[in-house]
$ cat data-v1.cif   # mmCIF, C-alpha atoms
data_final
#
loop_
_atom_site.label_atom_id
_atom_site.label_comp_id
_atom_site.auth_asym_id
_atom_site.auth_seq_id
_atom_site.Cartn_x
_atom_site.Cartn_y
_atom_site.Cartn_z
CA MET H 1 85.77 78.61 162.90
CA PHE H 2 82.92 76.82 161.12
CA ASP H 3 83.73 77.68 157.49
CA TRP H 4 84.22 74.02 156.73
CA ALA H 5 80.70 73.27 158.02
CA GLN H 6 79.28 75.91 155.68
CA LYS H 7 81.20 74.35 152.76
CA LEU H 8 79.98 70.90 153.74
CA ALA H 9 76.37 72.11 153.94
CA ASP H 10 76.67 73.89 150.55
CA TRP H 11 78.19 70.79 148.97
CA LEU H 12 75.42 68.55 150.36
CA VAL H 13 72.54 70.78 149.30
CA TYR H 14 73.75 72.14 145.97
CA GLY H 15 76.07 69.27 144.98
CA VAL H 16 74.47 66.07 146.24
CA PHE H 17 70.78 67.08 146.35
CA ALA H 18 71.20 69.41 143.31
CA VAL H 19 68.92 72.10 144.77
CA GLN H 20 68.98 75.30 142.69
CA ALA H 21 71.48 77.78 144.14
CA GLY H 22 69.93 80.89 145.68
CA SER H 23 66.44 79.36 145.95
CA LYS H 24 64.43 79.60 149.20
CA LEU H 25 64.61 75.84 149.60
CA GLY H 26 68.38 75.93 149.15
CA ASP H 27 68.72 78.70 151.75
CA ALA H 28 66.61 76.80 154.25
CA LEU H 29 68.42 73.49 153.70
CA THR H 30 71.95 74.89 153.90
CA PHE H 31 70.93 76.76 157.06
CA PHE H 32 69.56 73.54 158.51
CA PHE H 33 72.67 71.44 157.81
CA TYR H 34 75.12 74.16 158.80
CA ASP H 35 73.35 74.91 162.08
CA THR H 36 72.86 71.26 162.94
CA ILE H 37 76.59 70.53 162.52
CA LYS H 38 77.65 73.68 164.37
CA ILE H 39 75.20 73.41 167.25
CA PHE H 40 75.79 69.74 167.96
CA LEU H 41 79.56 70.20 167.94
CA LEU H 42 79.24 73.14 170.32
CA LEU H 43 76.89 71.23 172.60
CA LEU H 44 79.20 68.23 172.62
CA VAL H 45 82.34 70.21 173.50
CA ILE H 46 80.80 72.70 175.92
CA ILE H 47 78.65 70.22 177.86
CA PHE H 48 81.64 67.90 178.24
CA VAL H 49 83.99 70.66 179.42
CA ILE H 50 81.45 72.17 181.83
CA THR H 51 80.55 68.77 183.28
CA TYR H 52 84.24 68.08 183.88
CA VAL H 53 84.74 71.43 185.61
CA ARG H 54 81.58 70.86 187.64
CA SER H 55 82.89 67.60 189.03
CA PHE H 56 85.19 69.71 191.21
CA PHE H 57 82.28 71.62 192.75
CA PRO H 58 79.78 69.14 194.20
CA PRO H 59 76.93 70.77 196.17
CA GLU H 60 78.40 69.36 199.38
CA LYS H 61 81.46 71.55 198.84
CA THR H 62 79.34 74.55 197.81
CA ARG H 63 77.30 74.17 200.98
CA GLU H 64 80.44 74.11 203.07
CA ILE H 65 81.83 77.25 201.42
CA LEU H 66 78.54 79.12 201.81
CA SER H 67 77.89 78.06 205.38
CA ARG H 68 81.26 79.45 206.39
CA LYS H 69 80.00 82.89 205.33
CA LYS H 70 77.22 83.21 207.88
CA GLY H 71 74.83 86.11 207.69
CA ASN H 72 73.26 87.82 204.71
CA THR H 73 76.53 89.28 203.51
CA PHE H 74 76.83 90.68 200.04
CA LEU H 75 79.81 88.40 199.47
CA GLY H 76 77.66 85.39 200.38
CA HIS H 77 75.21 86.26 197.59
CA ILE H 78 78.02 86.73 195.06
CA PHE H 79 79.56 83.40 195.99
CA ALA H 80 76.17 81.69 195.80
CA ALA H 81 75.45 83.08 192.33
CA LEU H 82 78.92 82.16 191.05
CA LEU H 83 78.74 78.66 192.53
CA GLY H 84 75.37 78.33 190.82
CA ILE H 85 77.21 78.26 187.48
CA VAL H 86 79.66 75.52 188.40
CA THR H 87 77.62 73.29 190.72
CA PRO H 88 75.78 70.52 188.90
CA PHE H 89 72.07 71.21 189.18
CA CYS H 90 68.98 69.32 188.21
CA SER H 91 65.55 70.61 189.18
CA CYS H 92 64.71 67.10 190.40
CA SER H 93 67.27 67.64 193.20
CA ALA H 94 66.15 71.17 194.04
CA VAL H 95 64.31 70.09 197.20
CA PRO H 96 67.04 68.05 198.93
CA LEU H 97 69.48 70.77 197.96
CA PHE H 98 67.30 73.50 199.42
CA ILE H 99 66.85 71.56 202.67
CA GLY H 100 70.57 70.79 202.83
CA PHE H 101 71.50 74.46 202.43
CA VAL H 102 68.96 75.80 204.92
CA GLU H 103 69.86 73.20 207.53
CA ALA H 104 73.54 74.06 207.22
CA GLY H 105 72.63 77.57 208.36
CA ILE H 106 72.95 79.24 204.96
CA PRO H 107 70.63 82.28 204.98
CA LEU H 108 67.44 81.97 202.93
CA GLY H 109 68.39 84.88 200.65
CA VAL H 110 71.79 83.37 199.84
CA THR H 111 70.14 80.01 199.15
CA PHE H 112 67.86 81.77 196.67
CA SER H 113 70.77 83.50 194.93
CA TYR H 114 72.08 80.00 194.28
CA LEU H 115 68.70 78.52 193.32
CA ILE H 116 68.11 81.28 190.75
CA ALA H 117 71.57 81.23 189.17
CA ALA H 118 71.89 77.44 188.94
CA PRO H 119 69.16 76.72 186.36
CA MET H 120 69.29 80.07 184.52
CA VAL H 121 72.99 80.23 183.75
CA ASN H 122 73.07 76.74 182.31
CA GLU H 123 75.53 75.13 179.95
CA VAL H 124 73.09 74.37 177.14
CA ALA H 125 71.84 77.94 177.02
CA LEU H 126 75.38 79.35 177.08
CA ALA H 127 76.65 76.94 174.42
CA LEU H 128 73.80 77.77 172.08
CA LEU H 129 73.98 81.52 172.68
CA TYR H 130 77.69 81.49 171.94
CA GLY H 131 77.07 79.51 168.77
CA MET H 132 74.16 81.57 167.49
CA PHE H 133 75.01 85.10 168.64
CA GLY H 134 78.69 85.09 169.58
CA LEU H 135 80.66 85.72 172.72
CA LYS H 136 79.26 89.18 173.52
CA ILE H 137 75.63 88.07 173.83
CA ALA H 138 76.59 84.91 175.73
CA LEU H 139 78.52 87.08 178.22
CA ILE H 140 75.65 89.55 178.54
CA TYR H 141 73.35 86.62 179.33
CA LEU H 142 75.78 85.23 181.89
CA VAL H 143 76.42 88.55 183.65
CA SER H 144 72.77 89.64 183.72
CA GLY H 145 71.74 86.19 184.96
CA GLU H 146 74.24 86.48 187.79
CA ILE H 147 73.10 90.00 188.70
CA ILE H 148 69.42 88.94 188.74
CA ALA H 149 70.35 86.03 191.04
CA ILE H 150 72.36 88.24 193.41
CA VAL H 151 69.80 91.07 193.61
CA SER H 152 66.75 88.77 193.90
CA GLY H 153 68.49 86.82 196.68
CA ILE H 154 69.30 90.02 198.57
CA ILE H 155 65.67 91.20 198.31
CA ILE H 156 64.29 87.85 199.49
CA GLY H 157 66.77 87.92 202.38
CA ARG H 158 65.71 91.46 203.38
CA LEU H 159 62.01 90.52 203.30
CA ARG H 160 62.64 88.00 206.13
CA MET H 161 60.51 85.26 204.63
CA GLU H 162 61.81 82.39 206.78
CA LYS H 163 58.31 81.75 208.15
CA TYR H 164 57.10 81.02 204.60
CA VAL H 165 59.37 78.03 204.32
CA GLU H 166 57.48 74.81 205.13
CA GLY H 167 58.07 74.10 208.81
CA TYR H 168 59.36 70.56 208.39
CA VAL H 169 62.44 71.86 206.56
CA TYR H 170 63.86 73.09 209.85
CA GLU H 171 63.18 69.82 211.65
CA MET H 172 65.02 67.43 209.40
CA GLY H 173 68.27 67.24 211.31
CA SER H 174 70.15 66.20 208.17
CA ASN H 175 73.04 68.29 209.39
CA ASN H 176 74.66 65.51 211.32
CA ALA H 177 74.46 63.00 208.50
CA ALA H 178 77.84 63.33 206.87
CA PHE H 179 79.15 60.84 204.36
CA ASP H 180 82.53 60.27 202.93
CA ILE H 181 82.79 59.42 199.28
CA PRO H 182 86.36 59.39 197.93
CA GLU H 183 87.24 62.16 195.44
CA PRO H 184 86.89 60.81 191.91
CA THR H 185 90.07 60.22 189.92
CA THR H 186 90.68 62.12 186.67
CA LYS H 187 89.74 58.98 184.77
CA GLU H 188 86.43 58.72 186.64
CA ARG H 189 85.72 62.42 186.07
CA LEU H 190 86.29 61.99 182.34
CA ALA H 191 84.12 58.87 182.21
CA ASP H 192 81.33 60.59 184.17
CA SER H 193 81.49 63.68 181.95
CA GLN H 194 81.30 61.49 178.86
CA ALA H 195 78.29 59.59 180.22
CA PHE H 196 76.55 62.82 181.25
CA THR H 197 77.14 64.46 177.87
CA ARG H 198 75.80 61.39 176.07
CA ASP H 199 72.69 61.19 178.28
CA LEU H 200 71.95 64.91 177.97
CA LEU H 201 72.34 64.90 174.19
CA LYS H 202 70.12 61.84 173.98
CA LYS H 203 67.48 63.75 175.94
CA ILE H 204 67.57 67.02 174.00
CA TRP H 205 68.69 66.21 170.44
CA LEU H 206 65.21 65.95 168.98
CA TYR H 207 64.14 69.33 170.41
CA VAL H 208 67.30 70.90 169.06
CA VAL H 209 66.68 69.47 165.58
CA ILE H 210 63.03 70.62 165.63
CA GLY H 211 64.16 74.08 166.79
CA ILE H 212 66.72 74.30 163.99
CA GLY H 213 64.13 72.98 161.53
CA ILE H 214 61.64 75.73 162.36
CA GLY H 215 64.50 78.23 162.24
CA ALA H 216 65.48 76.91 158.79
CA VAL H 217 61.95 77.34 157.44
CA MET H 218 61.90 80.91 158.77
CA HIS H 219 65.33 81.49 157.28
CA GLY H 220 64.09 80.50 153.84
CA TRP H 221 60.66 82.07 153.79
CA VAL H 222 60.36 84.82 156.44
CA PRO H 223 62.17 87.96 155.24
CA ALA H 224 64.53 89.78 157.59
CA GLY H 225 62.72 92.37 159.69
CA ALA H 226 59.24 90.94 159.04
CA LEU H 227 58.45 90.73 162.76
CA ALA H 228 60.00 94.07 163.65
CA LYS H 229 56.72 95.95 163.79
CA TYR H 230 55.23 93.39 166.21
CA ALA H 231 58.18 92.56 168.42
CA GLY H 232 60.79 95.23 167.79
CA ALA H 233 62.24 97.49 170.45
CA ASN H 234 59.37 99.97 169.93
CA ASN H 235 56.73 97.60 171.23
CA PRO H 236 56.68 98.01 175.02
CA PHE H 237 54.62 94.84 175.55
CA ALA H 238 56.89 92.52 173.57
CA VAL H 239 59.20 91.74 176.51
CA PHE H 240 56.24 91.02 178.77
CA VAL H 241 54.62 88.67 176.26
CA ALA H 242 57.96 86.92 175.57
CA VAL H 243 58.46 86.20 179.29
CA ALA H 244 54.89 84.90 179.63
CA ILE H 245 55.40 82.55 176.68
CA GLY H 246 58.79 81.41 178.03
CA ILE H 247 57.62 80.17 181.43
CA PRO H 248 55.76 77.01 180.30
CA LEU H 249 58.46 76.10 177.76
CA TYR H 250 60.99 74.68 180.21
CA SER H 251 61.44 71.17 178.86
CA ASN H 252 62.04 72.55 175.39
CA ALA H 253 64.76 75.05 176.28
CA ALA H 254 67.21 73.34 173.95
CA GLY H 255 64.82 73.53 171.05
CA VAL H 256 63.75 77.10 171.66
CA ILE H 257 67.16 78.72 171.52
CA PRO H 258 68.18 77.86 167.91
CA LEU H 259 64.85 79.32 166.90
CA VAL H 260 65.49 82.55 168.76
CA SER H 261 68.35 83.55 166.47
CA GLU H 262 65.94 83.42 163.53
CA LEU H 263 63.35 85.41 165.48
CA THR H 264 66.02 88.03 166.06
CA ARG H 265 66.88 88.15 162.37
CA ALA H 266 63.19 88.53 161.61
CA GLY H 267 63.09 91.64 163.79
CA VAL H 268 62.51 90.57 167.41
CA ALA H 269 64.64 92.89 169.56
CA MET H 270 67.72 91.40 171.25
CA GLY H 271 66.60 92.32 174.78
CA THR H 272 63.23 90.67 174.15
CA SER H 273 65.02 87.51 172.96
CA LEU H 274 67.29 87.45 176.02
CA ALA H 275 64.31 87.88 178.36
CA PHE H 276 62.54 85.06 176.56
CA MET H 277 65.49 82.70 177.02
CA MET H 278 65.86 83.63 180.69
CA SER H 279 62.22 82.92 181.41
CA VAL H 280 62.54 79.57 179.62
CA THR H 281 65.48 78.52 181.79
CA ALA H 282 64.90 80.28 185.15
CA LEU H 283 61.14 80.11 185.61
CA SER H 284 59.53 76.83 184.82
CA ILE H 285 56.27 75.28 185.92
CA PRO H 286 57.73 71.84 186.79
CA GLU H 287 60.35 73.47 189.01
CA MET H 288 57.71 75.59 190.75
CA ILE H 289 55.73 72.44 191.53
CA ILE H 290 58.86 70.83 192.94
CA LEU H 291 59.76 73.89 195.02
CA ARG H 292 56.20 74.07 196.39
CA GLN H 293 57.19 71.12 198.60
CA VAL H 294 59.45 73.41 200.63
CA LEU H 295 58.05 76.89 199.98
CA LYS H 296 54.66 78.16 201.07
CA PRO H 297 52.65 79.80 198.26
CA THR H 298 53.47 83.33 199.46
CA LEU H 299 57.22 82.78 199.18
CA LEU H 300 56.86 80.96 195.87
CA ALA H 301 54.88 83.92 194.52
CA VAL H 302 57.46 86.40 195.83
CA PHE H 303 60.24 84.34 194.22
CA ILE H 304 58.48 84.22 190.84
CA SER H 305 57.61 87.94 190.94
CA ILE H 306 61.10 89.11 191.85
CA VAL H 307 62.85 86.94 189.27
CA GLY H 308 60.20 87.82 186.69
CA CYS H 309 60.73 91.55 187.30
CA GLY H 310 64.51 91.07 187.04
CA ILE H 311 64.09 89.36 183.66
CA LEU H 312 61.69 92.05 182.41
CA PHE H 313 64.14 94.75 183.50
CA THR H 314 67.01 93.00 181.67
CA GLY H 315 64.87 92.71 178.55
CA TYR H 316 63.98 96.40 178.51
CA LEU H 317 67.53 97.42 179.39
CA PHE H 318 69.08 95.57 176.44
CA ASN H 319 66.33 96.60 174.06
CA TYR H 320 67.42 100.11 174.95
CA LEU H 321 71.18 99.48 174.88
CA LEU H 322 71.68 97.10 171.93
CA MET V 1 72.88 43.23 203.08
CA GLN V 2 70.50 46.09 202.48
CA ILE V 3 70.75 48.38 199.46
CA LYS V 4 68.72 51.57 199.37
CA ILE V 5 68.06 53.72 196.33
CA LEU V 6 67.30 57.31 197.28
CA GLY V 7 65.22 59.46 194.95
CA GLN V 8 61.76 60.91 194.46
CA GLY V 9 60.84 58.95 191.38
CA CYS V 10 63.03 60.73 188.81
CA SER V 11 63.93 58.83 185.64
CA LYS V 12 67.54 58.35 186.76
CA CYS V 13 66.32 56.93 190.07
CA ALA V 14 64.32 54.27 188.23
CA GLU V 15 67.36 53.55 186.07
CA LEU V 16 69.60 53.11 189.12
CA TYR V 17 67.08 50.76 190.71
CA LYS V 18 67.02 48.63 187.58
CA GLU V 19 70.83 48.48 187.41
CA VAL V 20 71.12 47.52 191.08
CA VAL V 21 68.58 44.71 190.67
CA LYS V 22 70.56 43.45 187.68
CA ALA V 23 73.90 43.63 189.53
CA ASP V 24 72.39 41.86 192.51
CA GLN V 25 71.06 39.03 190.34
CA GLU V 26 74.33 38.59 188.47
CA LEU V 27 76.29 38.39 191.73
CA HIS V 28 73.66 36.26 193.52
CA SER V 29 74.22 38.51 196.50
CA GLY V 30 70.61 38.23 197.65
CA ALA V 31 70.57 41.77 199.00
CA GLU V 32 67.38 43.42 200.13
CA ILE V 33 66.78 46.30 197.69
CA VAL V 34 64.64 49.17 198.94
CA LYS V 35 63.45 52.36 197.24
CA VAL V 36 63.51 55.37 199.53
CA GLU V 37 61.16 57.98 198.16
CA THR V 38 60.07 60.27 200.98
CA MET V 39 62.02 63.50 201.19
CA LYS V 40 62.51 63.29 204.97
CA ASP V 41 64.20 59.91 204.64
CA ILE V 42 66.31 60.96 201.65
CA VAL V 43 67.54 64.07 203.41
CA SER V 44 68.27 62.16 206.61
CA TYR V 45 71.30 60.71 204.82
CA GLY V 46 72.62 64.22 204.13
CA VAL V 47 72.20 63.64 200.40
CA MET V 48 71.62 66.71 198.21
CA ARG V 49 71.65 65.07 194.80
CA THR V 50 69.51 62.18 193.68
CA PRO V 51 69.66 59.36 192.78
CA ALA V 52 71.85 58.12 195.61
CA LEU V 53 72.95 54.61 196.53
CA VAL V 54 73.20 53.49 200.15
CA ILE V 55 74.64 50.12 201.15
CA ASP V 56 74.15 48.99 204.74
CA GLY V 57 73.50 52.53 205.88
CA GLU V 58 76.52 54.03 204.14
CA VAL V 59 76.15 56.51 201.27
CA LYS V 60 78.21 55.20 198.35
CA VAL V 61 77.11 57.18 195.29
CA VAL V 62 75.30 60.50 194.88
CA GLY V 63 73.88 62.29 191.87
CA LYS V 64 74.61 59.79 189.14
CA VAL V 65 73.85 56.33 187.81
CA PRO V 66 77.10 54.35 188.06
CA THR V 67 77.90 51.62 185.56
CA ILE V 68 76.85 48.10 186.46
CA GLU V 69 80.53 47.20 187.00
CA GLU V 70 80.88 49.99 189.56
CA ILE V 71 77.74 48.82 191.35
CA LYS V 72 79.06 45.25 191.44
CA GLY V 73 82.37 46.53 192.84
CA LEU V 74 80.53 48.36 195.62
CA ILE V 75 78.41 45.33 196.47
CA LYS V 76 81.48 43.06 196.55
CA ALA V 77 83.40 45.52 198.71
CA ALA V 78 80.49 45.60 201.17
CA THR V 79 80.24 41.80 201.36
CA LYS V 80 83.83 41.38 202.50
#

$ encode --input "data-v1.cif" --output "structure tokens"
Amino acid sequence: MFDWAQKLADWLVYGVFAVQAGSKLGDALTFFFYDTIKIFLLLLVIIFVITYVRSFFPPEKTREILSRKKGNTFLGHIFAALLGIVTPFCSCSAVPLFIGFVEAGIPLGVTFSYLIAAPMVNEVALALLYGMFGLKIALIYLVSGEIIAIVSGIIIGRLRMEKYVEGYVYEMGSNNAAFDIPEPTTKERLADSQAFTRDLLKKIWLYVVIGIGIGAVMHGWVPAGALAKYAGANNPFAVFVAVAIGIPLYSNAAGVIPLVSELTRAGVAMGTSLAFMMSVTALSIPEMIILRQVLKPTLLAVFISIVGCGILFTGYLFNYLL
Amino acid sequence: MQIKILGQGCSKCAELYKEVVKADQELHSGAEIVKVETMKDIVSYGVMRTPALVIDGEVKVVGKVPTIEEIKGLIKAATK
């Protein structure tokens, strides 16, 4: 699909810049140009399409669907995790969303299934995984993310942690405040998607370029398999370390992922890489601080531990399988 | 007229506030523009996505920064 981009990159580097063919510099530069073209096109198309699809699933609608399935039913968790993919989510709105869900009578566990899936299975991560590793790995990421969200939500529901939600959440009475905004027209949806895509790319482009840049340097100078003895499937601590490094990297998710494909080529096991990406997207310090407004420390710690264990398990599982 | 901007100080909330002030000046509507930043007040409107725009107690926009033309349209519609 991207043969033309490879030709363009080759032409630029070897034709225009006259870099010697087969040199390390040439390898790094063609990698850089090829990946930049490919990744930005993928981001552009996928973010736009997903934003458009998401405009049909506002959280108000998601809340209504979920509140109709009262009780901690298995189906409720599945719905919550699936809706997490299509509902627009920004960690800055996590608190009003949480309060809105809980007040509508959605069980705490189901709310968590949603809250875990929404940031982890995100469009930037999926677009980049598809571009760097292909459909299979992107699907593995999507399915394992969903399963982690469903299982973690069920566990949190079973633990009956309602008393560890800050008391004021139950006293808001936001339930009665309904508002009626007309459904957007197709034209408005397209315009909104375009604006969102532009804003998001503006926010992340530099991180993506830096990520590709580091990847390009590795591509030229770090031989394939060089990291295998440190972070290959044989090192039982690699997944653990990868998850620990991933948690504080939230704001740079977009920049981290292009780099991961090079880490994999250099010998980091696939399961370790997937666990790393999941911890970057699903567990982030800024989001924890935001969620602390509605969750008491005990529940926050339970949430982090359960999701963290789910990610570790996924990492080890795919190190074993792939 | 009273216009409220709902949001806990996110960058988009600041952007919406700026756009509303601009729209208000261009239309000379002289509306009172208020930032609503406490979670209890934000949630009391039933809003789950910020920033949100409320004109005279009615929620008009949630979860995005509309263009200045859209904001002007909403202000005009509310003045009638």

$ atom_distance --input "data-v1.cif" --atom1 "atom CA of Glu58 of chain V" --atom2 "atom CA of His28 of chain V"
20.9 Å

$ resolve_selection --input "data-v1.cif" --expression "the PyMOL selection byres ((chain V) within 8 of (chain H))" --output "MDAnalysis selection string"
chainID V and resid 8 10 39:40 42:50 58:61

$ closest_residue --input "data-v1.cif" --among "H:Pro248, H:Leu159, H:Gly308, H:Thr36" --to "Gly213 of chain H" --atoms "only C-alpha atoms"
H:Thr36

$ atom_distance --input "data-v1.cif" --atom1 "atom CA of Gly131 of chain H" --atom2 "atom CA of Leu44 of chain H"
12.1 Å

$ closest_residue --input "data-v1.cif" --among "H:His219, H:Lys163, H:His77, H:Lys187" --to "Val151 of chain H" --atoms "only C-alpha atoms"
H:His77

$ residues_around --input "data-v1.cif" --residues "segment 12-18 of chain V" --least-positions-apart "2" --cutoff "9 Å" --atoms "all atoms listed in the file" --output "PyMOL selection string"
chain V and resi 4-10+20-23+33-35+50-53+64-66

$ atom_distance --input "data-v1.cif" --atom1 "atom CA of Leu29 of chain H" --atom2 "atom CA of Ala5 of chain H"
13.0 Å

$ closest_residue --input "data-v1.cif" --among "H:Leu312, H:Gly255, H:Ile304, H:Tyr52" --to "Val241 of chain H" --atoms "all atoms listed in the file"
H:Leu312

$ resolve_selection --input "data-v1.cif" --expression "the PyMOL selection byres ((chain H and resi 51) around 9)" --output "JSON, numbers by chain"
{"H": [46, 47, 48, 49, 50, 52, 53, 54, 55, 86, 88, 123, 189, 190, 192, 193, 194, 196, 197]}

$ resolve_selection --input "data-v1.cif" --expression "the PyMOL selection byres ((chain H and resi 10) around 12)" --output "ChimeraX atom specification"
/H:3-9,11-22,26-34

$ residues_around --input "data-v1.cif" --residues "Gly157 of chain H" --least-positions-apart "5" --cutoff "10 Å" --atoms "only C-alpha atoms" --output "number ranges by chain"
H: 71-73, 77, 107-113, 151-152, 162

$ write_last_selection --input "data-v1.cif" --atoms "C-alpha atoms" --output "short mmCIF file (atom, residue, chain, number, x, y, z; two decimals), in the frame of the given file"
data_model
loop_
_atom_site.label_atom_id
_atom_site.label_comp_id
_atom_site.auth_asym_id
_atom_site.auth_seq_id
_atom_site.Cartn_x
_atom_site.Cartn_y
_atom_site.Cartn_z
CA GLY H 71 74.83 86.11 207.69
CA ASN H 72 73.26 87.82 204.71
CA THR H 73 76.53 89.28 203.51
CA HIS H 77 75.21 86.26 197.59
CA PRO H 107 70.63 82.28 204.98
CA LEU H 108 67.44 81.97 202.93
CA GLY H 109 68.39 84.88 200.65
CA VAL H 110 71.79 83.37 199.84
CA THR H 111 70.14 80.01 199.15
CA PHE H 112 67.86 81.77 196.67
CA SER H 113 70.77 83.50 194.93
CA VAL H 151 69.80 91.07 193.61
CA SER H 152 66.75 88.77 193.90
CA GLU H 162 61.81 82.39 206.78
#

$ closest_residue --input "data-v1.cif" --among "H:Gly153, H:Pro286, H:Thr314, H:Thr186" --to "Val239 of chain H" --atoms "only C-alpha atoms"
H:Thr314

$ closest_residue --input "data-v1.cif" --among "V:Ile55, V:Ser11, V:Glu32, V:Glu19" --to "Ala78 of chain V" --atoms "all atoms listed in the file"
V:Ile55

$ residues_around --input "data-v1.cif" --residues "Ile75 of chain V" --least-positions-apart "6" --cutoff "9 Å" --atoms "all atoms listed in the file" --output "list in words"
Met1, Ile3, Ala23, Asp24, Leu27, Ser29, Ala31 and Ile55 of chain V
